[in-house]
Amino acid sequence: MSSSTVISIPNGHGVAPQERKPRFSFPSISSFLREKGQYDSIKLIHSIKVGISLVLVSLLYLLKPLYDQVGENAMWAIMTVVVVFEFFVGATLCKGVNRGIGTVVGGGFGLATAVIAEDAGEMGNAIGVAIAVFLCGTAATYVRLLPSIKKTCDYGVMIFLLTFNLVAVSGIRGETVVQLARARLSTIGIGFGVCVFTSLCIHPMWASDELHNSVASRFEALACSIDGCLGEYFKLVEEKENQTGGVNFSGCQSVLNSTDKDDMLAKFARWEPWHGKFGFSHPWEKYLDIGKELREAAATIFSLKGCLQSPRQPSSTLKQSMREQCEELGSSLASSLRELGDSIKTMRKCRPRFLIVSKLQSKSEELNLLMSPSKLGALKNDDGLAIASFVFQLMDIVGQVEVLAKKVEELGELAKFETK
């Protein structure tokens, strides 16, 4: 056994404690993780669930009565848990069903290939199986490259190809293909059953909840970005010089990068059983539509960064003359976004869309009057272009918020949001 070295650590006065007997200290796991900045209770719960599932399927090996029933095929149950158990319930169900269908179909095709090739003699058997493996491998690999298949059942096709090759090739010299396939399929079913039981019964992680809350929270992120842009743009020169940092656009960036996340969560949410307020026919495609519109709004808001950082800035006098109307419009945009986000989060209908839109349009018209060509023509070219760029981008956001209000209203109708 390797020896351990005790290192004296200075106390609060910078002096190491003297004549203290060395002792071992075992800090709790949670304290250690907090100190390292890696503590995440949700991920820890998921890890514990995987550990419990592995222990349960390992009993097929550890308990002799169970081992006598399944034998060495118990390893397939363990492999199933390792490759099938995912973070979200829907992901586990999706992967498990794909694995089951791929195993059954691949095993059936492999068995048929082995039986047909068996009557062709030893050489004909080998040639027949080789041709079947080539054709099946080529076709399955081509199918996996199709976008629709890759998005929905890529894992199932991969398992089909793997199972087909294992069964077809083992059938060349074996006469117990059917018994072997039955035993392996049963242990795969046991592993999948353990995954589903653990995933559903121990602190389930719902992809539907994650998608719902994620989309709702993005409205607040965009509203904060609008408030920050307006506050930064209309600050006086003296205030900007004393400021240590600018506007934080991280919220917009996270919205812009949400496409893959939304697609993945929507796919898994469709697999999940009825829970809470989410039924089997919940309109998850509407969340994808809203996410698309949010990304377009985020791109427009992010483009305001160019106005903030441009070396060509309008004069302070011109900015202050339009400050009130711009801030009123920005405030209306931010409050409308927050109202729409709260409507999704609480699943309660917000104000009718025409009320939200009419208020935004009235504020936009007031600002539009200040940006008439006659008034812009009286300004210096640099001043006119600089202020017009900022105002027109702000007015573009009005149209995008109107579209979002329509999408949220449609979601409320389909998902049967409660009426306030």
# chains A, B, ... in the order shown; residues from 1 in each chain; ligands from 1
$ residues_around --residues "Arg295 in chain A" --least-positions-apart "2" --cutoff "9 Å" --atoms "only C-alpha atoms" --output "PyMOL selection string"
chain A and resi 252+255-259+290-293+297-300
$ closest_atom_pairs --of "range 332-368 of chain A" --to "range 200-212 of chain A" --cutoff "12 Å" --atoms "only C-alpha atoms" --output "JSON lines"
{"residue": "A:Gly341", "atom": "CA", "partner": "A:His212", "partner_atom": "CA", "distance": 10.3}
{"residue": "A:Asp342", "atom": "CA", "partner": "A:His212", "partner_atom": "CA", "distance": 11.3}
{"residue": "A:Ser343", "atom": "CA", "partner": "A:His212", "partner_atom": "CA", "distance": 11.3}
{"residue": "A:Ile344", "atom": "CA", "partner": "A:His212", "partner_atom": "CA", "distance": 7.6}
{"residue": "A:Lys345", "atom": "CA", "partner": "A:His212", "partner_atom": "CA", "distance": 7.1}
{"residue": "A:Thr346", "atom": "CA", "partner": "A:His212", "partner_atom": "CA", "distance": 10.0}
{"residue": "A:Met347", "atom": "CA", "partner": "A:His212", "partner_atom": "CA", "distance": 9.7}
$ write_last_selection --atoms "N, CA, C and O atoms" --output "PDB file, in the first residue's frame"
ATOM      1  N   GLY A 341     -44.326  35.598 -22.751  1.00  0.00           N
ATOM      2  CA  GLY A 341     -43.568  34.546 -22.073  1.00  0.00           C
ATOM      3  C   GLY A 341     -44.281  34.016 -20.851  1.00  0.00           C
ATOM      4  O   GLY A 341     -44.311  32.804 -20.608  1.00  0.00           O
ATOM      5  N   ASP A 342     -44.865  34.901 -20.065  1.00  0.00           N
ATOM      6  CA  ASP A 342     -45.621  34.467 -18.889  1.00  0.00           C
ATOM      7  C   ASP A 342     -46.848  33.645 -19.292  1.00  0.00           C
ATOM      8  O   ASP A 342     -47.236  32.708 -18.585  1.00  0.00           O
ATOM      9  N   SER A 343     -47.456  34.002 -20.416  1.00  0.00           N
ATOM     10  CA  SER A 343     -48.620  33.255 -20.889  1.00  0.00           C
ATOM     11  C   SER A 343     -48.246  31.797 -21.181  1.00  0.00           C
ATOM     12  O   SER A 343     -48.976  30.875 -20.819  1.00  0.00           O
ATOM     13  N   ILE A 344     -47.092  31.593 -21.833  1.00  0.00           N
ATOM     14  CA  ILE A 344     -46.648  30.226 -22.115  1.00  0.00           C
ATOM     15  C   ILE A 344     -46.251  29.510 -20.829  1.00  0.00           C
ATOM     16  O   ILE A 344     -46.621  28.353 -20.600  1.00  0.00           O
ATOM     17  N   LYS A 345     -45.499  30.194 -19.978  1.00  0.00           N
ATOM     18  CA  LYS A 345     -45.003  29.558 -18.761  1.00  0.00           C
ATOM     19  C   LYS A 345     -46.132  29.086 -17.847  1.00  0.00           C
ATOM     20  O   LYS A 345     -46.109  27.980 -17.307  1.00  0.00           O
ATOM     21  N   THR A 346     -47.152  29.934 -17.660  1.00  0.00           N
ATOM     22  CA  THR A 346     -48.256  29.601 -16.763  1.00  0.00           C
ATOM     23  C   THR A 346     -49.388  28.880 -17.476  1.00  0.00           C
ATOM     24  O   THR A 346     -50.344  28.442 -16.827  1.00  0.00           O
ATOM     25  N   MET A 347     -49.296  28.789 -18.825  1.00  0.00           N
ATOM     26  CA  MET A 347     -50.343  28.163 -19.644  1.00  0.00           C
ATOM     27  C   MET A 347     -51.690  28.829 -19.393  1.00  0.00           C
ATOM     28  O   MET A 347     -52.715  28.175 -19.237  1.00  0.00           O
TER      29      MET A 347
END
$ closest_atom_pairs --of "range 163-279 of chain A" --to "range 75-82 of chain A" --cutoff "7 Å" --atoms "only C-alpha atoms" --output "Markdown table"
| residue | atom | partner | partner_atom | distance |
| --- | --- | --- | --- | --- |
| A:Arg184 | CA | A:Trp76 | CA | 6.5 |
| A:Thr187 | CA | A:Ala77 | CA | 5.0 |
| A:Ile188 | CA | A:Ala77 | CA | 4.9 |
| A:Ile190 | CA | A:Ala77 | CA | 6.2 |
| A:Gly191 | CA | A:Ala77 | CA | 4.3 |
| A:Phe192 | CA | A:Thr80 | CA | 6.5 |
| A:Cys195 | CA | A:Val81 | CA | 6.2 |
$ write_last_selection --atoms "all heavy atoms" --output "PDB file, in the first residue's frame"
ATOM      1  N   ARG A 184     -31.477 -13.592 -26.270  1.00  0.00           N
ATOM      2  CA  ARG A 184     -30.922 -12.245 -26.294  1.00  0.00           C
ATOM      3  C   ARG A 184     -32.027 -11.193 -26.325  1.00  0.00           C
ATOM      4  O   ARG A 184     -31.917 -10.152 -25.679  1.00  0.00           O
ATOM      5  CB  ARG A 184     -29.994 -12.080 -27.498  1.00  0.00           C
ATOM      6  CG  ARG A 184     -28.692 -12.860 -27.353  1.00  0.00           C
ATOM      7  CD  ARG A 184     -27.728 -12.600 -28.488  1.00  0.00           C
ATOM      8  NE  ARG A 184     -26.479 -13.324 -28.285  1.00  0.00           N
ATOM      9  CZ  ARG A 184     -25.440 -13.289 -29.126  1.00  0.00           C
ATOM     10  NH1 ARG A 184     -25.513 -12.560 -30.226  1.00  0.00           N
ATOM     11  NH2 ARG A 184     -24.345 -13.974 -28.866  1.00  0.00           N
ATOM     12  N   THR A 187     -33.437 -10.763 -22.778  1.00  0.00           N
ATOM     13  CA  THR A 187     -32.585  -9.991 -21.872  1.00  0.00           C
ATOM     14  C   THR A 187     -32.535  -8.521 -22.283  1.00  0.00           C
ATOM     15  O   THR A 187     -32.455  -7.637 -21.420  1.00  0.00           O
ATOM     16  CB  THR A 187     -31.156 -10.575 -21.856  1.00  0.00           C
ATOM     17  OG1 THR A 187     -30.661 -10.696 -23.210  1.00  0.00           O
ATOM     18  CG2 THR A 187     -31.134 -11.938 -21.209  1.00  0.00           C
ATOM     19  N   ILE A 188     -32.598  -8.244 -23.580  1.00  0.00           N
ATOM     20  CA  ILE A 188     -32.689  -6.849 -24.024  1.00  0.00           C
ATOM     21  C   ILE A 188     -33.983  -6.228 -23.517  1.00  0.00           C
ATOM     22  O   ILE A 188     -34.015  -5.079 -23.068  1.00  0.00           O
ATOM     23  CB  ILE A 188     -32.605  -6.762 -25.559  1.00  0.00           C
ATOM     24  CG1 ILE A 188     -31.179  -7.102 -26.022  1.00  0.00           C
ATOM     25  CG2 ILE A 188     -32.999  -5.377 -26.058  1.00  0.00           C
ATOM     26  CD1 ILE A 188     -31.031  -7.202 -27.532  1.00  0.00           C
ATOM     27  N   ILE A 190     -35.568  -7.105 -20.803  1.00  0.00           N
ATOM     28  CA  ILE A 190     -35.405  -6.883 -19.366  1.00  0.00           C
ATOM     29  C   ILE A 190     -34.644  -5.587 -19.108  1.00  0.00           C
ATOM     30  O   ILE A 190     -35.019  -4.771 -18.255  1.00  0.00           O
ATOM     31  CB  ILE A 190     -34.683  -8.078 -18.722  1.00  0.00           C
ATOM     32  CG1 ILE A 190     -35.579  -9.319 -18.767  1.00  0.00           C
ATOM     33  CG2 ILE A 190     -34.292  -7.759 -17.281  1.00  0.00           C
ATOM     34  CD1 ILE A 190     -34.880 -10.590 -18.307  1.00  0.00           C
ATOM     35  N   GLY A 191     -33.564  -5.382 -19.850  1.00  0.00           N
ATOM     36  CA  GLY A 191     -32.783  -4.150 -19.682  1.00  0.00           C
ATOM     37  C   GLY A 191     -33.590  -2.912 -20.004  1.00  0.00           C
ATOM     38  O   GLY A 191     -33.535  -1.908 -19.275  1.00  0.00           O
ATOM     39  N   PHE A 192     -34.370  -2.973 -21.076  1.00  0.00           N
ATOM     40  CA  PHE A 192     -35.199  -1.836 -21.445  1.00  0.00           C
ATOM     41  C   PHE A 192     -36.284  -1.585 -20.400  1.00  0.00           C
ATOM     42  O   PHE A 192     -36.573  -0.438 -20.041  1.00  0.00           O
ATOM     43  CB  PHE A 192     -35.836  -2.085 -22.816  1.00  0.00           C
ATOM     44  CG  PHE A 192     -36.769  -1.002 -23.253  1.00  0.00           C
ATOM     45  CD1 PHE A 192     -36.362   0.323 -23.289  1.00  0.00           C
ATOM     46  CD2 PHE A 192     -38.068  -1.298 -23.633  1.00  0.00           C
ATOM     47  CE1 PHE A 192     -37.222   1.340 -23.700  1.00  0.00           C
ATOM     48  CE2 PHE A 192     -38.945  -0.297 -24.041  1.00  0.00           C
ATOM     49  CZ  PHE A 192     -38.520   1.016 -24.078  1.00  0.00           C
ATOM     50  N   CYS A 195     -34.807   0.223 -17.505  1.00  0.00           N
ATOM     51  CA  CYS A 195     -34.574   1.633 -17.850  1.00  0.00           C
ATOM     52  C   CYS A 195     -35.857   2.445 -17.748  1.00  0.00           C
ATOM     53  O   CYS A 195     -35.874   3.535 -17.171  1.00  0.00           O
ATOM     54  CB  CYS A 195     -34.005   1.739 -19.265  1.00  0.00           C
ATOM     55  SG  CYS A 195     -32.314   1.143 -19.455  1.00  0.00           S
TER      56      CYS A 195
END
$ closest_residue --among "A:Ala112, A:Ala388, A:Ala269, A:Leu222" --to "Gln400 in chain A" --atoms "only C-alpha atoms"
A:Leu222
$ closest_residue --among "A:Phe302, A:Phe219, A:Phe197, A:Phe249" --to "Ala334 in chain A" --atoms "only C-alpha atoms"
A:Phe219
$ closest_residue --among "A:Thr198, A:Thr92, A:Gln69, A:Thr141" --to "Leu56 in chain A" --atoms "only C-alpha atoms"
A:Thr198
$ closest_residue --among "A:Val194, A:Met158, A:Leu304, A:Leu44" --to "Phe392 in chain A" --atoms "only C-alpha atoms"
A:Leu304
$ select_by_dssp --residues "range 108-302 of chain A" --states "alpha helix (DSSP H)" --output "MDAnalysis selection string"
chainID A and resid 108:118 121:144 147:152 154:170 177:201 207:233 237:242 250:256 259:269 284:302
$ atom_distance --atom1 "CA of Ser364 in chain A" --atom2 "CA of Glu413 in chain A"
28.2 Å
$ decode --residues "range 128-170 of chain A" --atoms "N, CA and C atoms" --output "PDB file, in the first residue's frame"
ATOM      1  N   GLY A 128     -23.828 -16.949 -50.380  1.00  0.00           N
ATOM      2  CA  GLY A 128     -25.154 -16.360 -50.222  1.00  0.00           C
ATOM      3  C   GLY A 128     -25.217 -15.382 -49.048  1.00  0.00           C
ATOM      4  N   VAL A 129     -24.638 -15.799 -47.914  1.00  0.00           N
ATOM      5  CA  VAL A 129     -24.643 -14.923 -46.745  1.00  0.00           C
ATOM      6  C   VAL A 129     -23.797 -13.674 -47.007  1.00  0.00           C
ATOM      7  N   ALA A 130     -22.671 -13.835 -47.686  1.00  0.00           N
ATOM      8  CA  ALA A 130     -21.808 -12.685 -47.985  1.00  0.00           C
ATOM      9  C   ALA A 130     -22.538 -11.671 -48.865  1.00  0.00           C
ATOM     10  N   ILE A 131     -23.264 -12.178 -49.889  1.00  0.00           N
ATOM     11  CA  ILE A 131     -24.018 -11.269 -50.765  1.00  0.00           C
ATOM     12  C   ILE A 131     -25.110 -10.549 -49.980  1.00  0.00           C
ATOM     13  N   ALA A 132     -25.805 -11.306 -49.105  1.00  0.00           N
ATOM     14  CA  ALA A 132     -26.880 -10.695 -48.310  1.00  0.00           C
ATOM     15  C   ALA A 132     -26.337  -9.634 -47.358  1.00  0.00           C
ATOM     16  N   VAL A 133     -25.176  -9.917 -46.763  1.00  0.00           N
ATOM     17  CA  VAL A 133     -24.570  -8.944 -45.848  1.00  0.00           C
ATOM     18  C   VAL A 133     -24.177  -7.681 -46.604  1.00  0.00           C
ATOM     19  N   PHE A 134     -23.621  -7.855 -47.812  1.00  0.00           N
ATOM     20  CA  PHE A 134     -23.232  -6.693 -48.610  1.00  0.00           C
ATOM     21  C   PHE A 134     -24.449  -5.846 -48.985  1.00  0.00           C
ATOM     22  N   LEU A 135     -25.494  -6.485 -49.500  1.00  0.00           N
ATOM     23  CA  LEU A 135     -26.683  -5.750 -49.930  1.00  0.00           C
ATOM     24  C   LEU A 135     -27.371  -5.062 -48.756  1.00  0.00           C
ATOM     25  N   CYS A 136     -27.517  -5.787 -47.663  1.00  0.00           N
ATOM     26  CA  CYS A 136     -28.193  -5.225 -46.498  1.00  0.00           C
ATOM     27  C   CYS A 136     -27.372  -4.086 -45.901  1.00  0.00           C
ATOM     28  N   GLY A 137     -26.051  -4.278 -45.814  1.00  0.00           N
ATOM     29  CA  GLY A 137     -25.195  -3.230 -45.262  1.00  0.00           C
ATOM     30  C   GLY A 137     -25.214  -1.978 -46.117  1.00  0.00           C
ATOM     31  N   THR A 138     -25.179  -2.156 -47.430  1.00  0.00           N
ATOM     32  CA  THR A 138     -25.217  -1.002 -48.330  1.00  0.00           C
ATOM     33  C   THR A 138     -26.544  -0.259 -48.223  1.00  0.00           C
ATOM     34  N   ALA A 139     -27.643  -1.018 -48.260  1.00  0.00           N
ATOM     35  CA  ALA A 139     -28.967  -0.387 -48.221  1.00  0.00           C
ATOM     36  C   ALA A 139     -29.207   0.317 -46.893  1.00  0.00           C
ATOM     37  N   ALA A 140     -28.870  -0.349 -45.781  1.00  0.00           N
ATOM     38  CA  ALA A 140     -29.105   0.247 -44.464  1.00  0.00           C
ATOM     39  C   ALA A 140     -28.264   1.503 -44.265  1.00  0.00           C
ATOM     40  N   THR A 141     -27.025   1.483 -44.731  1.00  0.00           N
ATOM     41  CA  THR A 141     -26.165   2.654 -44.585  1.00  0.00           C
ATOM     42  C   THR A 141     -26.676   3.819 -45.425  1.00  0.00           C
ATOM     43  N   TYR A 142     -27.168   3.523 -46.629  1.00  0.00           N
ATOM     44  CA  TYR A 142     -27.729   4.587 -47.469  1.00  0.00           C
ATOM     45  C   TYR A 142     -28.973   5.182 -46.822  1.00  0.00           C
ATOM     46  N   VAL A 143     -29.829   4.323 -46.265  1.00  0.00           N
ATOM     47  CA  VAL A 143     -31.054   4.801 -45.620  1.00  0.00           C
ATOM     48  C   VAL A 143     -30.713   5.693 -44.427  1.00  0.00           C
ATOM     49  N   ARG A 144     -29.665   5.347 -43.688  1.00  0.00           N
ATOM     50  CA  ARG A 144     -29.273   6.147 -42.525  1.00  0.00           C
ATOM     51  C   ARG A 144     -28.852   7.563 -42.907  1.00  0.00           C
ATOM     52  N   LEU A 145     -28.428   7.753 -44.144  1.00  0.00           N
ATOM     53  CA  LEU A 145     -27.984   9.071 -44.584  1.00  0.00           C
ATOM     54  C   LEU A 145     -29.143   9.973 -44.990  1.00  0.00           C
ATOM     55  N   LEU A 146     -30.344   9.414 -45.138  1.00  0.00           N
ATOM     56  CA  LEU A 146     -31.500  10.235 -45.480  1.00  0.00           C
ATOM     57  C   LEU A 146     -31.861  11.118 -44.288  1.00  0.00           C
ATOM     58  N   PRO A 147     -32.106  12.417 -44.521  1.00  0.00           N
ATOM     59  CA  PRO A 147     -32.369  13.340 -43.399  1.00  0.00           C
ATOM     60  C   PRO A 147     -33.529  12.915 -42.522  1.00  0.00           C
ATOM     61  N   SER A 148     -34.633  12.462 -43.137  1.00  0.00           N
ATOM     62  CA  SER A 148     -35.805  12.084 -42.337  1.00  0.00           C
ATOM     63  C   SER A 148     -35.522  10.881 -41.452  1.00  0.00           C
ATOM     64  N   ILE A 149     -34.774   9.905 -41.971  1.00  0.00           N
ATOM     65  CA  ILE A 149     -34.426   8.720 -41.183  1.00  0.00           C
ATOM     66  C   ILE A 149     -33.409   9.067 -40.115  1.00  0.00           C
ATOM     67  N   LYS A 150     -32.415   9.860 -40.476  1.00  0.00           N
ATOM     68  CA  LYS A 150     -31.379  10.229 -39.514  1.00  0.00           C
ATOM     69  C   LYS A 150     -31.955  10.995 -38.337  1.00  0.00           C
ATOM     70  N   LYS A 151     -33.023  11.749 -38.584  1.00  0.00           N
ATOM     71  CA  LYS A 151     -33.625  12.569 -37.538  1.00  0.00           C
ATOM     72  C   LYS A 151     -34.502  11.755 -36.596  1.00  0.00           C
ATOM     73  N   THR A 152     -35.130  10.680 -37.106  1.00  0.00           N
ATOM     74  CA  THR A 152     -36.132   9.963 -36.317  1.00  0.00           C
ATOM     75  C   THR A 152     -35.673   8.595 -35.825  1.00  0.00           C
ATOM     76  N   CYS A 153     -35.056   7.792 -36.691  1.00  0.00           N
ATOM     77  CA  CYS A 153     -34.770   6.403 -36.289  1.00  0.00           C
ATOM     78  C   CYS A 153     -33.398   5.928 -36.755  1.00  0.00           C
ATOM     79  N   ASP A 154     -32.415   6.792 -36.691  1.00  0.00           N
ATOM     80  CA  ASP A 154     -31.054   6.411 -37.076  1.00  0.00           C
ATOM     81  C   ASP A 154     -30.528   5.279 -36.200  1.00  0.00           C
ATOM     82  N   TYR A 155     -30.795   5.372 -34.893  1.00  0.00           N
ATOM     83  CA  TYR A 155     -30.301   4.338 -33.977  1.00  0.00           C
ATOM     84  C   TYR A 155     -30.948   2.990 -34.268  1.00  0.00           C
ATOM     85  N   GLY A 156     -32.232   2.981 -34.600  1.00  0.00           N
ATOM     86  CA  GLY A 156     -32.912   1.731 -34.909  1.00  0.00           C
ATOM     87  C   GLY A 156     -32.334   1.051 -36.134  1.00  0.00           C
ATOM     88  N   VAL A 157     -32.017   1.830 -37.181  1.00  0.00           N
ATOM     89  CA  VAL A 157     -31.432   1.249 -38.384  1.00  0.00           C
ATOM     90  C   VAL A 157     -30.042   0.700 -38.085  1.00  0.00           C
ATOM     91  N   MET A 158     -29.286   1.389 -37.248  1.00  0.00           N
ATOM     92  CA  MET A 158     -27.958   0.899 -36.880  1.00  0.00           C
ATOM     93  C   MET A 158     -28.044  -0.430 -36.136  1.00  0.00           C
ATOM     94  N   ILE A 159     -29.004  -0.554 -35.203  1.00  0.00           N
ATOM     95  CA  ILE A 159     -29.179  -1.805 -34.469  1.00  0.00           C
ATOM     96  C   ILE A 159     -29.659  -2.910 -35.399  1.00  0.00           C
ATOM     97  N   PHE A 160     -30.525  -2.565 -36.350  1.00  0.00           N
ATOM     98  CA  PHE A 160     -30.963  -3.542 -37.352  1.00  0.00           C
ATOM     99  C   PHE A 160     -29.773  -4.113 -38.110  1.00  0.00           C
ATOM    100  N   LEU A 161     -28.884  -3.233 -38.562  1.00  0.00           N
ATOM    101  CA  LEU A 161     -27.711  -3.672 -39.319  1.00  0.00           C
ATOM    102  C   LEU A 161     -26.803  -4.550 -38.461  1.00  0.00           C
ATOM    103  N   LEU A 162     -26.595  -4.159 -37.217  1.00  0.00           N
ATOM    104  CA  LEU A 162     -25.745  -4.935 -36.323  1.00  0.00           C
ATOM    105  C   LEU A 162     -26.338  -6.312 -36.050  1.00  0.00           C
ATOM    106  N   THR A 163     -27.631  -6.358 -35.723  1.00  0.00           N
ATOM    107  CA  THR A 163     -28.280  -7.632 -35.402  1.00  0.00           C
ATOM    108  C   THR A 163     -28.326  -8.547 -36.615  1.00  0.00           C
ATOM    109  N   PHE A 164     -28.628  -7.987 -37.761  1.00  0.00           N
ATOM    110  CA  PHE A 164     -28.680  -8.792 -38.989  1.00  0.00           C
ATOM    111  C   PHE A 164     -27.347  -9.489 -39.235  1.00  0.00           C
ATOM    112  N   ASN A 165     -26.260  -8.730 -39.130  1.00  0.00           N
ATOM    113  CA  ASN A 165     -24.948  -9.328 -39.383  1.00  0.00           C
ATOM    114  C   ASN A 165     -24.614 -10.400 -38.360  1.00  0.00           C
ATOM    115  N   LEU A 166     -24.909 -10.146 -37.069  1.00  0.00           N
ATOM    116  CA  LEU A 166     -24.602 -11.132 -36.035  1.00  0.00           C
ATOM    117  C   LEU A 166     -25.377 -12.429 -36.261  1.00  0.00           C
ATOM    118  N   VAL A 167     -26.666 -12.318 -36.548  1.00  0.00           N
ATOM    119  CA  VAL A 167     -27.494 -13.515 -36.712  1.00  0.00           C
ATOM    120  C   VAL A 167     -27.169 -14.232 -38.010  1.00  0.00           C
ATOM    121  N   ALA A 168     -27.035 -13.478 -39.101  1.00  0.00           N
ATOM    122  CA  ALA A 168     -26.783 -14.106 -40.394  1.00  0.00           C
ATOM    123  C   ALA A 168     -25.452 -14.841 -40.410  1.00  0.00           C
ATOM    124  N   VAL A 169     -24.415 -14.202 -39.879  1.00  0.00           N
ATOM    125  CA  VAL A 169     -23.085 -14.820 -39.891  1.00  0.00           C
ATOM    126  C   VAL A 169     -23.022 -15.990 -38.912  1.00  0.00           C
ATOM    127  N   SER A 170     -23.604 -15.857 -37.733  1.00  0.00           N
ATOM    128  CA  SER A 170     -23.575 -16.958 -36.773  1.00  0.00           C
ATOM    129  C   SER A 170     -24.401 -18.136 -37.266  1.00  0.00           C
TER     130      SER A 170
END
